[in-house]
Amino acid sequence: MAMAMAMTRPVITTDAPGCRETVIPGVNGFLVPPRDVEALASAMEKFIREPELIERMGRESRRSAEERSDVRRISQILLREMGP
């Protein structure tokens, strides 16, 4: 998923631990319940019916991936949490 996000792609993933953390529903993709074929098909159809979502949500995925993977930001957080 991180690779897709870095490549400016929107995400459709399951609402399950480890997956749900990558998506802000309606912002950079869609969450669907595990094993719910109808919900998955519906999320996919949204991209077909509204192709402008692909570009907009893709940009948000890239922004999120950059923010979450910024080594400087992560290092600052680690140093702050570890204390003086």
# chains A, B, ... in the order shown; residues from 1 in each chain; ligands from 1
>>> closest_atom_pairs(of="segment 25-62 of chain A", to="segment 4-14 of chain A", cutoff="6 Å", atoms="only C-alpha atoms", output="Markdown table")
| residue | atom | partner | partner_atom | distance |
| --- | --- | --- | --- | --- |
| A:Asn28 | CA | A:Pro10 | CA | 5.3 |
| A:Gly29 | CA | A:Val11 | CA | 4.4 |
| A:Phe30 | CA | A:Ile12 | CA | 4.8 |
| A:Leu31 | CA | A:Thr13 | CA | 5.2 |
| A:Val32 | CA | A:Thr14 | CA | 4.8 |
| A:Pro33 | CA | A:Thr14 | CA | 5.5 |
| A:Pro34 | CA | A:Thr14 | CA | 5.3 |
| A:Met57 | CA | A:Pro10 | CA | 5.1 |
| A:Gly58 | CA | A:Arg9 | CA | 4.1 |
| A:Arg59 | CA | A:Thr8 | CA | 5.4 |
| A:Ser61 | CA | A:Met5 | CA | 4.7 |
| A:Arg62 | CA | A:Ala6 | CA | 4.9 |
>>> write_last_selection(atoms="N, CA and C atoms", output="compact mmCIF listing (two decimals), in the first residue's frame")
# COMPACT_ATOMS: atom_id res chain seq x y z
N ASN A 28 -8.14 10.03 0.68
CA ASN A 28 -7.14 9.40 -0.18
C ASN A 28 -7.54 7.98 -0.59
N GLY A 29 -8.79 7.63 -0.34
CA GLY A 29 -9.27 6.31 -0.76
C GLY A 29 -10.50 5.90 0.01
N PHE A 30 -10.75 4.59 -0.01
CA PHE A 30 -11.95 4.05 0.62
C PHE A 30 -11.60 2.83 1.46
N LEU A 31 -12.29 2.68 2.58
CA LEU A 31 -12.18 1.48 3.41
C LEU A 31 -13.42 0.62 3.15
N VAL A 32 -13.21 -0.67 3.04
CA VAL A 32 -14.33 -1.60 2.88
C VAL A 32 -14.21 -2.69 3.95
N PRO A 33 -15.34 -3.20 4.42
CA PRO A 33 -15.28 -4.27 5.41
C PRO A 33 -14.61 -5.52 4.81
N PRO A 34 -13.85 -6.25 5.63
CA PRO A 34 -13.24 -7.49 5.14
C PRO A 34 -14.29 -8.44 4.56
N MET A 57 -7.51 12.02 -4.99
CA MET A 57 -7.17 11.12 -3.89
C MET A 57 -5.73 10.62 -4.01
N GLY A 58 -5.27 10.47 -5.23
CA GLY A 58 -3.88 10.07 -5.45
C GLY A 58 -2.91 11.10 -4.90
N ARG A 59 -3.19 12.37 -5.14
CA ARG A 59 -2.34 13.43 -4.59
C ARG A 59 -2.32 13.38 -3.06
N SER A 61 -2.81 10.72 -1.24
CA SER A 61 -2.03 9.54 -0.85
C SER A 61 -0.55 9.86 -0.85
N ARG A 62 -0.09 10.55 -1.90
CA ARG A 62 1.32 10.92 -2.00
C ARG A 62 1.72 11.83 -0.83
>>> select_by_dssp(residues="chain A", states="alpha helix (DSSP H)", output="NGL selection string")
:A and (2-6 or 37-49 or 52-69 or 71-82)
>>> atom_distance(atom1="atom CA of Arg80 of chain A", atom2="atom CA of Val27 of chain A")
29.4 Å
>>> closest_residue(among="A:Met3, A:Leu78, A:Ala16, A:Ala65", to="Arg35 of chain A", atoms="only C-alpha atoms")
A:Ala16
>>> atom_distance(atom1="atom CA of Ile77 of chain A", atom2="atom CA of Ile24 of chain A")
21.9 Å
>>> select_by_dssp(residues="chain A", states="strand (DSSP E)", output="ChimeraX atom specification")
/A:11-14,29-32
>>> atom_distance(atom1="atom CA of Val71 of chain A", atom2="atom CA of Gly18 of chain A")
20.5 Å
>>> decode(residues="segment 42-72 of chain A", atoms="N, CA, C and O atoms", output="short mmCIF file (atom, residue, chain, number, x, y, z; two decimals), in the first residue's frame")
data_model
loop_
_atom_site.label_atom_id
_atom_site.label_comp_id
_atom_site.auth_asym_id
_atom_site.auth_seq_id
_atom_site.Cartn_x
_atom_site.Cartn_y
_atom_site.Cartn_z
N SER A 42 -18.49 -1.54 -4.99
CA SER A 42 -19.02 -0.19 -4.92
C SER A 42 -17.90 0.85 -4.88
O SER A 42 -17.97 1.88 -5.56
N ALA A 43 -16.86 0.58 -4.09
CA ALA A 43 -15.72 1.50 -4.01
C ALA A 43 -15.02 1.60 -5.37
O ALA A 43 -14.66 2.69 -5.81
N MET A 44 -14.86 0.48 -6.04
CA MET A 44 -14.22 0.49 -7.36
C MET A 44 -15.07 1.25 -8.37
O MET A 44 -14.55 2.02 -9.19
N GLU A 45 -16.37 1.08 -8.29
CA GLU A 45 -17.28 1.77 -9.22
C GLU A 45 -17.24 3.28 -9.03
O GLU A 45 -17.43 4.03 -9.98
N LYS A 46 -16.96 3.74 -7.80
CA LYS A 46 -16.86 5.18 -7.57
C LYS A 46 -15.77 5.78 -8.43
O LYS A 46 -15.93 6.89 -8.96
N PHE A 47 -14.67 5.07 -8.58
CA PHE A 47 -13.58 5.58 -9.42
C PHE A 47 -13.96 5.56 -10.90
O PHE A 47 -13.50 6.39 -11.67
N ILE A 48 -14.77 4.62 -11.28
CA ILE A 48 -15.23 4.57 -12.68
C ILE A 48 -16.21 5.71 -12.95
O ILE A 48 -16.12 6.40 -13.97
N ARG A 49 -17.15 5.91 -12.04
CA ARG A 49 -18.16 6.96 -12.21
C ARG A 49 -17.61 8.36 -12.01
O ARG A 49 -18.11 9.33 -12.60
N GLU A 50 -16.61 8.48 -11.15
CA GLU A 50 -16.03 9.79 -10.84
C GLU A 50 -14.50 9.73 -10.99
O GLU A 50 -13.76 9.77 -10.01
N PRO A 51 -14.00 9.67 -12.23
CA PRO A 51 -12.56 9.50 -12.44
C PRO A 51 -11.71 10.64 -11.86
O PRO A 51 -10.52 10.43 -11.60
N GLU A 52 -12.31 11.81 -11.63
CA GLU A 52 -11.55 12.91 -11.04
C GLU A 52 -11.09 12.57 -9.62
O GLU A 52 -10.11 13.14 -9.12
N LEU A 53 -11.76 11.62 -8.98
CA LEU A 53 -11.35 11.18 -7.64
C LEU A 53 -9.97 10.53 -7.67
O LEU A 53 -9.22 10.62 -6.69
N ILE A 54 -9.65 9.88 -8.77
CA ILE A 54 -8.37 9.17 -8.87
C ILE A 54 -7.22 10.15 -8.68
O ILE A 54 -6.31 9.91 -7.88
N GLU A 55 -7.26 11.25 -9.40
CA GLU A 55 -6.17 12.23 -9.31
C GLU A 55 -6.16 12.92 -7.94
O GLU A 55 -5.13 13.04 -7.30
N ARG A 56 -7.31 13.38 -7.50
CA ARG A 56 -7.39 14.11 -6.23
C ARG A 56 -6.96 13.23 -5.06
O ARG A 56 -6.13 13.61 -4.23
N MET A 57 -7.51 12.02 -4.99
CA MET A 57 -7.17 11.12 -3.89
C MET A 57 -5.73 10.62 -4.01
O MET A 57 -5.06 10.39 -3.00
N GLY A 58 -5.27 10.47 -5.23
CA GLY A 58 -3.88 10.07 -5.45
C GLY A 58 -2.91 11.10 -4.90
O GLY A 58 -1.90 10.75 -4.28
N ARG A 59 -3.19 12.37 -5.14
CA ARG A 59 -2.34 13.43 -4.59
C ARG A 59 -2.32 13.38 -3.06
O ARG A 59 -1.27 13.55 -2.43
N GLU A 60 -3.48 13.14 -2.47
CA GLU A 60 -3.55 13.04 -1.01
C GLU A 60 -2.78 11.83 -0.50
O GLU A 60 -2.15 11.89 0.56
N SER A 61 -2.81 10.72 -1.24
CA SER A 61 -2.03 9.54 -0.85
C SER A 61 -0.55 9.86 -0.85
O SER A 61 0.18 9.50 0.08
N ARG A 62 -0.09 10.55 -1.90
CA ARG A 62 1.32 10.92 -2.00
C ARG A 62 1.72 11.83 -0.83
O ARG A 62 2.74 11.63 -0.18
N ARG A 63 0.87 12.84 -0.56
CA ARG A 63 1.15 13.75 0.55
C ARG A 63 1.25 12.99 1.87
O ARG A 63 2.16 13.20 2.66
N SER A 64 0.33 12.07 2.08
CA SER A 64 0.33 11.27 3.31
C SER A 64 1.57 10.39 3.39
O SER A 64 2.20 10.29 4.46
N ALA A 65 1.95 9.77 2.29
CA ALA A 65 3.14 8.91 2.27
C ALA A 65 4.39 9.72 2.58
O ALA A 65 5.26 9.28 3.34
N GLU A 66 4.49 10.92 2.00
CA GLU A 66 5.65 11.77 2.26
C GLU A 66 5.70 12.18 3.73
O GLU A 66 6.76 12.16 4.35
N GLU A 67 4.56 12.54 4.27
CA GLU A 67 4.49 12.97 5.66
C GLU A 67 4.85 11.84 6.61
O GLU A 67 5.62 12.02 7.56
N ARG A 68 4.34 10.66 6.36
CA ARG A 68 4.58 9.51 7.25
C ARG A 68 5.97 8.93 7.10
O ARG A 68 6.46 8.26 8.01
N SER A 69 6.61 9.17 5.96
CA SER A 69 7.92 8.56 5.70
C SER A 69 9.07 9.55 5.78
O SER A 69 10.19 9.19 5.47
N ASP A 70 8.81 10.77 6.19
CA ASP A 70 9.84 11.79 6.28
C ASP A 70 10.80 11.43 7.42
O ASP A 70 10.45 11.49 8.60
N VAL A 71 12.02 11.05 7.05
CA VAL A 71 13.01 10.60 8.03
C VAL A 71 13.28 11.68 9.07
O VAL A 71 13.41 11.39 10.26
N ARG A 72 13.36 12.93 8.63
CA ARG A 72 13.63 14.02 9.58
C ARG A 72 12.50 14.14 10.60
O ARG A 72 12.75 14.29 11.79
#
